[in-house]
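This is my_file-v6.txt. It holds compact mmCIF, C-alpha atoms.
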```
# COMPACT_ATOMS: atom_id res chain seq x y z
CA MET E 221 2.41 -24.08 -58.92
CA LYS E 222 4.10 -25.03 -55.68
CA VAL E 223 4.97 -22.51 -52.95
CA VAL E 224 7.27 -23.62 -50.15
CA ILE E 225 7.70 -21.76 -46.88
CA ILE E 226 10.76 -22.64 -44.81
CA GLY E 227 10.21 -22.03 -41.11
CA GLY E 228 7.24 -22.73 -38.86
CA GLY E 229 7.32 -19.56 -36.79
CA ALA E 230 5.14 -16.45 -36.75
CA ALA E 231 6.33 -15.07 -40.10
CA GLY E 232 6.22 -18.46 -41.81
CA PHE E 233 2.67 -19.18 -40.73
CA PHE E 234 1.46 -15.71 -41.62
CA GLY E 235 3.09 -15.87 -45.04
CA ALA E 236 1.70 -19.35 -45.73
CA ILE E 237 -1.85 -18.48 -44.62
CA THR E 238 -1.89 -15.20 -46.53
CA CYS E 239 -0.61 -16.80 -49.72
CA ALA E 240 -2.98 -19.78 -49.53
CA GLU E 241 -6.03 -17.63 -48.77
CA ALA E 242 -5.23 -15.18 -51.58
CA ASN E 243 -4.66 -17.88 -54.17
CA PRO E 244 -6.31 -21.16 -53.17
CA GLY E 245 -5.57 -22.86 -56.48
CA HIS E 246 -1.93 -23.51 -55.70
CA GLN E 247 -0.08 -25.86 -53.38
CA VAL E 248 1.40 -24.18 -50.28
CA VAL E 249 3.78 -26.27 -48.17
CA LEU E 250 5.31 -25.18 -44.87
CA LEU E 251 8.48 -26.96 -43.70
CA GLU E 252 9.75 -26.82 -40.11
CA LYS E 253 13.05 -28.51 -39.23
CA THR E 254 12.08 -29.20 -35.61
CA THR E 255 9.04 -31.02 -34.32
CA LYS E 256 7.71 -27.87 -32.63
CA LEU E 257 5.73 -25.23 -34.47
CA LEU E 258 5.44 -21.59 -33.37
CA GLY E 259 7.98 -22.04 -30.58
CA LYS E 260 8.58 -18.34 -29.93
CA VAL E 261 4.86 -17.62 -29.97
CA ARG E 262 4.46 -20.19 -27.21
CA VAL E 263 7.04 -18.68 -24.83
CA SER E 264 6.56 -14.99 -25.62
CA GLY E 265 5.32 -12.75 -22.85
CA GLY E 266 5.73 -15.42 -20.22
CA GLY E 267 3.46 -17.78 -22.14
CA ARG E 268 0.85 -15.11 -22.92
CA CYS E 269 2.16 -14.02 -26.36
CA ASN E 270 2.73 -10.30 -26.80
CA VAL E 271 1.04 -10.14 -30.22
CA THR E 272 1.59 -6.47 -31.04
CA HIS E 273 1.67 -2.99 -29.51
CA ASN E 274 -1.14 -0.50 -29.02
CA CYS E 275 0.12 2.10 -31.50
CA PHE E 276 -1.57 2.90 -34.80
CA VAL E 277 0.72 5.55 -36.30
CA PRO E 278 3.22 3.86 -38.65
CA SER E 279 5.83 6.58 -38.27
CA VAL E 280 5.75 6.22 -34.47
CA PHE E 281 5.55 2.41 -34.50
CA SER E 282 8.54 2.12 -36.83
CA GLN E 283 10.71 4.18 -34.48
CA GLN E 284 10.85 1.19 -32.14
CA TYR E 285 13.17 -0.73 -34.49
CA PRO E 286 16.92 -0.19 -34.14
CA ARG E 287 17.25 -1.88 -37.54
CA GLY E 288 14.62 -1.79 -40.30
CA ALA E 289 12.70 1.32 -39.23
CA LYS E 290 12.57 3.06 -42.61
CA PRO E 291 11.15 0.23 -44.76
CA LEU E 292 8.79 -0.86 -41.97
CA LYS E 293 7.26 2.61 -41.81
CA GLU E 294 5.83 2.08 -45.30
CA ALA E 295 4.98 -1.57 -44.65
CA PHE E 296 2.95 -0.70 -41.54
CA LYS E 297 0.76 1.58 -43.67
CA ILE E 298 -0.40 -1.58 -45.45
CA PHE E 299 -0.44 -4.04 -42.56
CA GLY E 300 0.24 -2.63 -39.12
CA ALA E 301 -1.06 -3.08 -35.59
CA ALA E 302 -4.67 -2.20 -36.50
CA GLU E 303 -4.72 -4.79 -39.27
CA THR E 304 -3.16 -7.40 -36.99
CA ILE E 305 -5.85 -6.82 -34.36
CA SER E 306 -8.58 -7.10 -37.01
CA TRP E 307 -6.98 -10.23 -38.49
CA PHE E 308 -7.08 -12.09 -35.19
CA GLU E 309 -10.47 -10.74 -34.10
CA SER E 310 -12.02 -11.80 -37.41
CA ARG E 311 -10.90 -15.32 -36.49
CA GLY E 312 -12.37 -15.19 -33.01
CA VAL E 313 -9.34 -14.02 -31.03
CA LYS E 314 -9.84 -10.74 -29.21
CA LEU E 315 -6.78 -8.81 -28.03
CA LYS E 316 -6.44 -6.50 -25.03
CA SER E 317 -4.03 -3.67 -24.31
CA GLU E 318 -2.08 -3.28 -21.09
CA PRO E 319 -1.01 0.09 -19.58
CA ASP E 320 2.46 -0.13 -21.17
CA GLY E 321 0.94 -0.68 -24.63
CA ARG E 322 1.64 -4.38 -24.98
CA MET E 323 -1.24 -6.36 -26.46
CA PHE E 324 -2.17 -9.93 -25.52
CA PRO E 325 -5.08 -12.27 -26.22
CA VAL E 326 -7.80 -11.76 -23.60
CA THR E 327 -7.21 -15.36 -22.56
CA ASP E 328 -3.65 -14.49 -21.47
CA ASN E 329 -2.61 -17.75 -23.11
CA SER E 330 -0.29 -18.06 -26.11
CA GLU E 331 -2.01 -21.32 -27.06
CA THR E 332 -4.96 -19.17 -28.17
CA ILE E 333 -2.76 -17.56 -30.83
CA ILE E 334 -1.20 -20.89 -31.81
CA ASP E 335 -4.60 -22.56 -32.16
CA CYS E 336 -5.83 -19.65 -34.29
CA LEU E 337 -2.85 -19.84 -36.66
CA MET E 338 -3.01 -23.63 -36.92
CA LEU E 339 -6.74 -23.54 -37.69
CA ALA E 340 -6.32 -20.76 -40.27
CA ALA E 341 -3.53 -22.72 -41.96
CA ARG E 342 -5.62 -25.89 -42.10
CA LYS E 343 -8.66 -24.06 -43.46
CA ALA E 344 -6.52 -22.41 -46.14
CA GLY E 345 -5.14 -25.79 -47.19
CA VAL E 346 -1.54 -25.22 -46.09
CA GLN E 347 0.39 -28.49 -45.89
CA ILE E 348 2.48 -28.49 -42.71
CA LYS E 349 5.47 -30.83 -42.45
CA THR E 350 7.70 -30.96 -39.36
CA GLY E 351 11.08 -32.57 -38.80
CA ILE E 352 12.22 -31.49 -42.25
CA GLY E 353 15.15 -29.11 -42.60
CA VAL E 354 16.49 -27.56 -45.78
CA ASP E 355 20.25 -27.91 -46.22
CA ARG E 356 20.66 -26.27 -49.58
CA ILE E 357 18.75 -24.26 -52.18
CA VAL E 358 19.69 -24.48 -55.85
CA PRO E 359 17.99 -22.05 -58.28
CA GLN E 360 17.28 -23.44 -61.76
CA LEU E 361 15.22 -22.82 -64.86
CA ASN E 362 12.33 -25.22 -65.26
CA GLY E 363 10.98 -26.67 -68.49
CA ASN E 364 9.09 -23.47 -69.30
CA GLY E 365 12.20 -21.35 -68.92
CA GLU E 366 10.94 -20.01 -65.58
CA ARG E 367 12.92 -19.82 -62.35
CA SER E 368 12.32 -22.52 -59.77
CA PHE E 369 14.26 -23.91 -56.81
CA LEU E 370 15.54 -27.34 -55.88
CA LEU E 371 15.44 -27.86 -52.13
CA TYR E 372 17.85 -30.42 -50.72
CA LEU E 373 16.19 -31.66 -47.55
CA SER E 374 17.91 -32.97 -44.42
CA GLY E 375 16.58 -36.49 -45.02
CA GLY E 376 18.22 -36.70 -48.42
CA LYS E 377 15.07 -35.96 -50.42
CA ILE E 378 14.91 -33.23 -53.07
CA ILE E 379 11.76 -31.22 -53.80
CA GLU E 380 11.07 -28.41 -56.25
CA ALA E 381 9.42 -25.07 -55.48
CA ASP E 382 8.17 -22.45 -57.92
CA ARG E 383 8.20 -19.79 -55.20
CA LEU E 384 10.16 -19.90 -51.98
CA LEU E 385 9.65 -17.94 -48.76
CA VAL E 386 12.43 -18.19 -46.17
CA CYS E 387 11.32 -17.51 -42.58
CA THR E 388 14.00 -19.30 -40.58
CA GLY E 389 14.34 -16.62 -37.91
CA GLY E 390 17.45 -15.08 -36.46
CA ASN E 391 20.50 -17.06 -35.46
CA PRO E 392 23.49 -15.85 -33.42
CA LYS E 393 25.92 -18.01 -35.44
CA SER E 394 27.18 -16.46 -38.67
CA GLN E 395 27.74 -19.85 -40.33
CA SER E 396 24.02 -20.57 -39.96
CA TYR E 397 23.46 -18.15 -42.85
CA ASP E 398 25.97 -19.84 -45.22
CA TRP E 399 23.22 -21.63 -47.17
CA LEU E 400 21.71 -18.20 -47.95
CA ARG E 401 25.10 -16.66 -48.76
CA GLU E 402 25.42 -19.35 -51.45
CA LEU E 403 22.45 -17.71 -53.18
CA GLY E 404 24.44 -14.48 -53.48
CA HIS E 405 22.86 -12.78 -50.49
CA PRO E 406 25.09 -10.59 -48.35
CA ILE E 407 24.49 -11.05 -44.63
CA LYS E 408 24.72 -8.44 -41.91
CA GLU E 409 26.74 -10.25 -39.26
CA PRO E 410 24.45 -11.51 -36.49
CA VAL E 411 24.92 -10.38 -32.90
CA PRO E 412 22.59 -10.78 -29.92
CA SER E 413 19.95 -8.19 -29.08
CA LEU E 414 17.53 -7.91 -26.14
CA PHE E 415 19.67 -9.14 -23.27
CA THR E 416 20.20 -8.26 -19.63
CA PHE E 417 23.39 -6.86 -18.09
CA ASN E 418 25.65 -9.05 -15.97
CA VAL E 419 27.30 -7.07 -13.18
CA PRO E 420 29.32 -9.52 -11.05
CA ALA E 421 30.48 -6.76 -8.68
CA SER E 422 27.06 -5.10 -8.41
CA PRO E 423 26.78 -3.12 -5.17
CA LEU E 424 23.05 -3.88 -5.15
CA LYS E 425 23.23 -7.65 -5.66
CA GLU E 426 21.50 -8.28 -2.32
CA LEU E 427 18.47 -6.31 -3.50
CA GLN E 428 17.46 -8.80 -6.22
CA GLY E 429 13.80 -8.56 -7.09
CA ILE E 430 13.49 -4.83 -6.36
CA ALA E 431 12.09 -2.84 -9.27
CA VAL E 432 11.93 0.88 -9.99
CA ALA E 433 9.12 2.08 -12.25
CA GLU E 434 11.18 4.74 -14.00
CA ALA E 435 14.97 4.86 -14.27
CA ARG E 436 17.43 5.95 -16.93
CA VAL E 437 20.38 3.80 -17.95
CA ARG E 438 23.16 5.57 -19.84
CA ILE E 439 26.36 4.16 -21.31
CA ALA E 440 29.43 6.09 -20.19
CA GLY E 441 31.21 7.79 -23.06
CA GLN E 442 28.37 7.12 -25.53
CA LYS E 443 25.25 8.93 -26.68
CA LEU E 444 23.19 5.93 -25.72
CA ASP E 445 20.56 5.83 -23.00
CA TYR E 446 17.08 4.52 -22.33
CA GLU E 447 14.43 5.29 -19.75
CA GLY E 448 11.91 2.85 -18.30
CA PRO E 449 11.31 0.25 -15.58
CA LEU E 450 14.47 -1.26 -14.11
CA LEU E 451 14.81 -4.55 -12.23
CA ILE E 452 17.68 -5.52 -9.92
CA THR E 453 18.60 -9.20 -10.30
CA HIS E 454 21.03 -11.55 -8.60
CA TRP E 455 23.27 -11.37 -11.69
CA GLY E 456 22.93 -7.64 -12.45
CA TYR E 457 20.16 -5.58 -14.02
CA SER E 458 17.16 -6.26 -16.24
CA GLY E 459 13.77 -4.74 -17.06
CA PRO E 460 12.64 -2.75 -20.11
CA ALA E 461 15.20 0.03 -19.63
CA VAL E 462 18.08 -2.44 -19.96
CA LEU E 463 16.50 -4.70 -22.58
CA LYS E 464 15.61 -1.83 -24.90
CA LEU E 465 19.00 -0.24 -24.43
CA SER E 466 20.61 -3.56 -25.35
CA ALA E 467 18.73 -3.53 -28.66
CA TRP E 468 19.87 -0.01 -29.60
CA GLY E 469 23.43 -0.76 -28.56
CA ALA E 470 23.60 -4.35 -29.82
CA ARG E 471 26.52 -3.86 -32.21
CA LEU E 472 28.41 -1.48 -29.92
CA PHE E 473 28.15 -3.84 -26.95
CA HIS E 474 29.29 -6.74 -29.13
CA GLU E 475 32.34 -4.75 -30.23
CA GLN E 476 33.12 -4.00 -26.58
CA GLN E 477 32.75 -7.71 -25.74
CA TYR E 478 29.98 -6.79 -23.29
CA HIS E 479 32.40 -4.99 -20.98
CA PHE E 480 31.48 -1.34 -20.37
CA THR E 481 30.32 1.07 -17.70
CA ALA E 482 26.66 2.02 -17.39
CA LEU E 483 25.34 4.91 -15.30
CA ILE E 484 21.97 4.57 -13.57
CA SER E 485 19.75 7.51 -12.69
CA TRP E 486 17.07 6.37 -10.25
CA ILE E 487 15.22 9.68 -10.63
CA PRO E 488 15.38 10.61 -14.34
CA GLY E 489 13.00 13.53 -13.85
CA TYR E 490 15.70 15.45 -11.98
CA THR E 491 18.77 17.35 -13.09
CA GLU E 492 21.62 17.83 -10.65
CA GLU E 493 20.48 21.40 -10.03
CA SER E 494 16.84 20.50 -9.37
CA LEU E 495 17.88 17.53 -7.20
CA ARG E 496 20.16 19.64 -5.01
CA GLU E 497 17.40 22.22 -4.63
CA HIS E 498 14.91 19.51 -3.66
CA LEU E 499 17.27 18.00 -1.09
CA GLN E 500 18.01 21.42 0.38
CA ASN E 501 14.30 22.20 0.73
CA TYR E 502 13.65 18.80 2.31
CA ARG E 503 16.53 19.34 4.71
CA LYS E 504 15.03 22.65 5.85
CA ALA E 505 11.54 21.18 6.18
CA HIS E 506 12.58 17.95 7.93
CA PRO E 507 15.88 18.55 9.74
CA LYS E 508 15.18 15.93 12.42
CA LYS E 509 14.33 13.05 10.09
CA VAL E 510 16.87 10.23 9.77
CA VAL E 511 18.27 10.19 6.22
CA ALA E 512 18.60 6.42 5.81
CA THR E 513 15.14 5.45 7.08
CA ASN E 514 13.04 8.01 5.21
CA PRO E 515 13.20 7.25 1.48
CA LEU E 516 12.54 10.04 -0.99
CA PHE E 517 11.25 10.09 -4.59
CA GLY E 518 9.09 7.00 -4.02
CA LEU E 519 12.15 4.73 -4.07
CA PRO E 520 11.88 1.38 -2.26
CA GLN E 521 13.11 1.52 1.34
CA ARG E 522 15.87 -1.07 0.87
CA LEU E 523 17.16 0.63 -2.27
CA TRP E 524 17.18 4.05 -0.63
CA LYS E 525 19.06 2.67 2.38
CA ALA E 526 21.62 1.02 0.09
CA LEU E 527 22.15 4.29 -1.79
CA THR E 528 22.70 6.19 1.48
CA MET E 529 25.25 3.55 2.50
CA MET E 530 27.08 4.10 -0.81
CA ALA E 531 27.08 7.79 0.04
CA GLU E 532 28.68 6.79 3.37
CA VAL E 533 25.86 8.36 5.35
CA PRO E 534 26.07 7.09 8.98
CA ALA E 535 22.99 5.06 9.90
CA GLU E 536 21.49 7.51 12.42
CA THR E 537 22.40 10.79 10.68
CA ILE E 538 19.52 13.28 10.48
CA TRP E 539 19.03 15.62 7.53
CA GLY E 540 19.94 18.69 9.55
CA GLU E 541 23.39 17.26 10.28
CA LEU E 542 24.19 15.68 6.89
CA PRO E 543 27.70 16.82 5.79
CA ALA E 544 28.11 18.36 2.36
CA LYS E 545 30.48 15.61 1.19
CA ASN E 546 27.82 12.95 1.91
CA THR E 547 25.18 15.04 0.17
CA ASN E 548 27.45 15.16 -2.90
CA LYS E 549 27.91 11.39 -2.82
CA LEU E 550 24.16 10.84 -2.45
CA VAL E 551 23.53 13.06 -5.49
CA GLU E 552 25.99 10.93 -7.47
CA ALA E 553 24.38 7.67 -6.33
CA LEU E 554 20.93 8.93 -7.28
CA LEU E 555 21.82 10.43 -10.65
CA ARG E 556 24.92 8.57 -11.89
CA LEU E 557 25.43 5.28 -10.09
CA PRO E 558 28.23 3.54 -12.06
CA ILE E 559 27.95 -0.18 -12.69
CA GLU E 560 30.58 -2.21 -14.49
CA VAL E 561 28.92 -4.55 -16.97
CA LYS E 562 30.84 -7.75 -17.66
CA GLY E 563 28.71 -9.97 -19.84
CA LYS E 564 25.10 -10.54 -20.79
CA THR E 565 22.28 -12.99 -20.20
CA THR E 566 19.62 -13.94 -22.75
CA PHE E 567 16.22 -12.61 -21.73
CA LYS E 568 14.22 -15.71 -20.74
CA GLU E 569 13.83 -17.88 -23.85
CA GLU E 570 13.23 -14.96 -26.17
CA PHE E 571 16.54 -14.42 -27.91
CA VAL E 572 16.47 -11.84 -30.67
CA THR E 573 19.24 -11.38 -33.22
CA CYS E 574 20.49 -8.17 -34.74
CA GLY E 575 21.63 -8.98 -38.27
CA GLY E 576 20.54 -11.26 -41.11
CA ILE E 577 19.63 -10.72 -44.76
CA ASP E 578 20.85 -7.31 -45.91
CA LEU E 579 17.71 -5.23 -46.57
CA SER E 580 19.33 -3.42 -49.48
CA GLN E 581 19.11 -6.71 -51.41
CA VAL E 582 15.38 -7.16 -50.79
CA ASN E 583 12.42 -5.34 -52.36
CA MET E 584 10.78 -4.29 -49.10
CA LYS E 585 7.40 -3.75 -50.78
CA THR E 586 7.15 -7.41 -51.78
CA LEU E 587 9.95 -8.98 -49.69
CA GLU E 588 11.35 -10.53 -52.88
CA SER E 589 15.07 -11.02 -53.27
CA ARG E 590 16.87 -8.68 -55.65
CA GLN E 591 19.35 -11.50 -56.24
CA GLN E 592 16.99 -14.37 -57.04
CA ALA E 593 13.56 -13.85 -58.59
CA GLY E 594 10.92 -15.98 -56.87
CA LEU E 595 12.80 -16.03 -53.54
CA TYR E 596 11.25 -14.12 -50.63
CA PHE E 597 12.14 -13.45 -47.00
CA ALA E 598 10.10 -12.57 -43.92
CA GLY E 599 10.59 -12.25 -40.18
CA GLU E 600 13.81 -12.23 -38.19
CA VAL E 601 15.92 -13.81 -40.93
CA LEU E 602 15.95 -10.24 -42.26
CA ASP E 603 18.15 -7.58 -40.67
CA ILE E 604 15.15 -6.26 -38.75
CA ASP E 605 14.70 -6.26 -35.01
CA GLY E 606 12.65 -4.27 -32.54
CA ILE E 607 12.67 -3.50 -28.85
CA THR E 608 10.46 -5.43 -26.42
CA GLY E 609 6.73 -4.80 -26.39
CA GLY E 610 5.29 -6.76 -29.31
CA PHE E 611 7.36 -5.09 -32.00
CA ASN E 612 9.25 -8.16 -33.20
CA PHE E 613 6.03 -10.11 -33.65
CA GLN E 614 4.48 -7.20 -35.54
CA ALA E 615 7.44 -7.20 -37.93
CA ALA E 616 6.87 -10.93 -38.44
CA TRP E 617 3.13 -10.53 -39.14
CA THR E 618 3.76 -7.59 -41.48
CA THR E 619 6.59 -9.05 -43.54
CA GLY E 620 4.88 -12.44 -43.66
CA TYR E 621 1.67 -10.83 -44.89
CA LEU E 622 3.38 -8.71 -47.58
CA ALA E 623 5.44 -11.66 -48.80
CA GLY E 624 2.38 -13.95 -48.87
CA LYS E 625 0.37 -11.40 -50.86
CA ALA E 626 3.22 -10.80 -53.31
CA ILE E 627 3.79 -14.51 -53.90
CA ALA E 628 0.08 -15.09 -54.49
CA ALA E 629 -0.03 -12.22 -56.96
CA SER E 630 3.02 -13.51 -58.83
CA ILE E 631 1.45 -16.91 -59.51
CA SER E 632 -2.18 -15.92 -60.08
```

Show this structure as structure tokens.
Amino acid sequence: MKVVIIGGGAAGFFGAITCAEANPGHQVVLLEKTTKLLGKVRVSGGGRCNVTHNCFVPSVFSQQYPRGAKPLKEAFKIFGAAETISWFESRGVKLKSEPDGRMFPVTDNSETIIDCLMLAARKAGVQIKTGIGVDRIVPQLNGNGERSFLLYLSGGKIIEADRLLVCTGGNPKSQSYDWLRELGHPIKEPVPSLFTFNVPASPLKELQGIAVAEARVRIAGQKLDYEGPLLITHWGYSGPAVLKLSAWGARLFHEQQYHFTALISWIPGYTEESLREHLQNYRKAHPKKVVATNPLFGLPQRLWKALTMMAEVPAETIWGELPAKNTNKLVEALLRLPIEVKGKTTFKEEFVTCGGIDLSQVNMKTLESRQQAGLYFAGEVLDIDGITGGFNFQAAWTTGYLAGKAIAASIS
């Protein structure tokens, strides 16, 4: 029997390797429409490849997915972060964990992961063919009355597959899913996820490059916020707090055409009451200190000075002479600095799409289509996406593994 995998990314390779290793008696062919294999693996994590996340509780791990959390919770019990680590280590690639939980190869080089996957695929007998796209899939019954698929390739050739695994990744263009809609599969409309905020009128534009280790970004008028590191850029704001918030609010932000107001708290550990109390105590203890030149809460000097300027605090004002109206404005700038977001920017080269194959039409235990027997899906082509930190790759490894195992079992 012939198994064809469409897509030479993380999920495609994992599905192909798993299937070929589990059932070596059958032909496994991987097709990639470009000439580059494992492109996202190469650029992930600044070229280091954020393989997974240091979390081994499926219920906790699955909470990091704005879409797909429920089915992934069960899937991670079978193949989660621990299994991923073991899989790579058994093939000579040791992973390390960083303080924020992200896990990378100890080499800090994504080529280590690529070489491992390529070697595993070759050893398992996977046939890899690049520069071959699939334009159309036509289900049919073969001579034995069993379902098979005719694949119309971009070069005009037609091949037949007994089992088909689609791992073509996410795509921001809805029409890119038309060839899958033709198979009767409903598609959740794709919209971007994991992006930074463009703030053309940012009052902090001159502070590009300054980062705060812990800030909270909240969307005005919505129950949507996220806490984490925040980076000021020349175009607006980035960092995990913004990127993760963009994932949870992907559809909302799309509906609002990426024009909304965000509120930044630079000191998320404080309420207004506790902040006012802290400032009052500091004022009593240090009445002679100049407000603008003595940053509080561990904030960078330039950021603190900018916030005092927004609060209209005169440059040489000391704490003992700070007017109440300026104190009020400083409290606002520290806890609820409003920024008007007008647009987004893709995070580096790592675009992630919210949307794809509707999960209700897929058996999430096997990743087989409920519309077409013998057709499977894995990776970002599904309506699954996670926040930053290795979660999207883990979803690719997991769904690729489950699909590969299920395909192998179905043809054994």

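Our summary of the geometry notes that atom CA of Ala236 of chain E is positioned 7.3 Å from atom CA of Ala341 of chain E.
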
If I put a ball of radius 6 Å at (8.4, -4.0, -45.1) in the file's coordinates, which residues poke into it when counting only C-alpha atoms, written as an NGL selection string?
:E and (291-292 or 295 or 584-585 or 619)

Those residues with C-alpha atoms, as a PDB file, keeping the file's coordinate frame please?
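part34.pdb, freshly written:
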```pdb
ATOM      1  CA  PRO E 291      11.150   0.230 -44.760  1.00  0.00           C
ATOM      2  CA  LEU E 292       8.790  -0.860 -41.970  1.00  0.00           C
ATOM      3  CA  ALA E 295       4.980  -1.570 -44.650  1.00  0.00           C
ATOM      4  CA  MET E 584      10.780  -4.290 -49.100  1.00  0.00           C
ATOM      5  CA  LYS E 585       7.400  -3.750 -50.780  1.00  0.00           C
ATOM      6  CA  THR E 619       6.590  -9.050 -43.540  1.00  0.00           C
TER       7      THR E 619
END
```

Within 10 Å of (25.1, -12.5, -48.9) (coordinates as in the file), grab all the protein and nucleic acid residues, counting only C-alpha atoms, and write them out as a ChimeraX atom specification.
/E:397-408,576-578,581,591

Excluding His246 of chain E and its own-chain neighbours fewer than 4 positions away, which residues fall within 10 Å of it when counting only C-alpha atoms? Please give them as a short mmCIF file (atom, residue, chain, number, x, y, z; two decimals) with C-alpha atoms, in the coordinates of the input.
```
data_model
loop_
_atom_site.label_atom_id
_atom_site.label_comp_id
_atom_site.auth_asym_id
_atom_site.auth_seq_id
_atom_site.Cartn_x
_atom_site.Cartn_y
_atom_site.Cartn_z
CA MET E 221 2.41 -24.08 -58.92
CA LYS E 222 4.10 -25.03 -55.68
CA VAL E 223 4.97 -22.51 -52.95
CA CYS E 239 -0.61 -16.80 -49.72
CA ALA E 240 -2.98 -19.78 -49.53
CA GLU E 241 -6.03 -17.63 -48.77
CA ALA E 242 -5.23 -15.18 -51.58
CA GLY E 345 -5.14 -25.79 -47.19
CA VAL E 346 -1.54 -25.22 -46.09
CA ALA E 628 0.08 -15.09 -54.49
CA ILE E 631 1.45 -16.91 -59.51
CA SER E 632 -2.18 -15.92 -60.08
#
```

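Relative to atom CA of Gln500 of chain E, atom CA of Ile538 of chain E is found at 13.1 Å.
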
What's the 8 Å shell around Ala301 of chain E, counting all atoms listed in the file, without same-chain residues fewer than 5 positions away, as a PyMOL selection string?
chain E and resi 272-276+296+614

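Restricting the calculation to all atoms listed in the file, the smallest distance between Glu318 of chain E and any of E:Gln347, E:Ser330, E:Thr481, E:Asn270 is found for E:Asn270.
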
Just how far from atom CA of Leu472 of chain E is atom CA of Val561 of chain E, in Å to one decimal?
13.3 Å

For Glu532 of chain E, find every residue with an atom within 8 Å (counting all atoms listed in the file), except residues of its own chain fewer than 3 positions away, and show them as a ChimeraX atom specification.
/E:528-529,546,549

Using all atoms listed in the file, which protein or nucleic acid residues come within 7 Å of Gly235 of chain E? Drop anything in the same chain fewer than 4 positions from it, and give the result as a PyMOL selection string.
chain E and resi 231+239+620-621+623-624

The selected residues should be written to file as a PDB file, keeping the file's coordinate frame (atoms: C-alpha atoms).
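Resulting contents of again_17.pdb:
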```
ATOM      1  CA  ALA E 231       6.330 -15.070 -40.100  1.00  0.00           C
ATOM      2  CA  CYS E 239      -0.610 -16.800 -49.720  1.00  0.00           C
ATOM      3  CA  GLY E 620       4.880 -12.440 -43.660  1.00  0.00           C
ATOM      4  CA  TYR E 621       1.670 -10.830 -44.890  1.00  0.00           C
ATOM      5  CA  ALA E 623       5.440 -11.660 -48.800  1.00  0.00           C
ATOM      6  CA  GLY E 624       2.380 -13.950 -48.870  1.00  0.00           C
TER       7      GLY E 624
END
```

Would you list the contacts of segment 442-455 of chain E as a count of residues only, taking every protein, DNA or RNA residue within 12 Å and counting all atoms listed in the file, but skipping same-chain residues closer than 5 positions in sequence?
59

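Closest approach to Thr332 of chain E among E:Tyr596, E:Phe369, E:Phe308, E:Phe299 is made by E:Phe308 (distances from all atoms listed in the file).
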
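Of the residues under consideration (E:Glu409, E:Glu303, E:Glu588, E:Glu492), E:Glu492 shows the shortest atom-to-atom contact distance to Ala553 of chain E when counting all atoms listed in the file.
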
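For the residues E:Ala289, E:Ile333, E:Ala535, E:Leu371, ranking by smallest atom-to-atom distance to Ile604 of chain E using only C-alpha atoms places E:Ala289 first.
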
Export segment 293-311 of chain E of the preceding structure, keeping C-alpha atoms, as a PDB file, in the first residue's frame.
```pdb
ATOM      1  CA  LYS E 293      -5.437  17.414  26.381  1.00  0.00           C
ATOM      2  CA  GLU E 294      -6.185  13.770  25.567  1.00  0.00           C
ATOM      3  CA  ALA E 295      -3.619  13.628  22.768  1.00  0.00           C
ATOM      4  CA  PHE E 296      -0.825  14.846  25.061  1.00  0.00           C
ATOM      5  CA  LYS E 297      -1.504  11.909  27.383  1.00  0.00           C
ATOM      6  CA  ILE E 298      -0.321   9.679  24.535  1.00  0.00           C
ATOM      7  CA  PHE E 299       2.431  11.830  23.054  1.00  0.00           C
ATOM      8  CA  GLY E 300       3.289  15.012  24.918  1.00  0.00           C
ATOM      9  CA  ALA E 301       6.385  16.968  25.851  1.00  0.00           C
ATOM     10  CA  ALA E 302       8.000  14.059  27.751  1.00  0.00           C
ATOM     11  CA  GLU E 303       7.605  11.756  24.759  1.00  0.00           C
ATOM     12  CA  THR E 304       8.960  14.415  22.412  1.00  0.00           C
ATOM     13  CA  ILE E 305      12.067  14.842  24.559  1.00  0.00           C
ATOM     14  CA  SER E 306      12.588  11.069  24.656  1.00  0.00           C
ATOM     15  CA  TRP E 307      12.021  10.777  20.906  1.00  0.00           C
ATOM     16  CA  PHE E 308      14.774  13.241  20.079  1.00  0.00           C
ATOM     17  CA  GLU E 309      17.157  12.057  22.799  1.00  0.00           C
ATOM     18  CA  SER E 310      16.828   8.459  21.603  1.00  0.00           C
ATOM     19  CA  ARG E 311      18.119   9.748  18.268  1.00  0.00           C
TER      20      ARG E 311
END
```
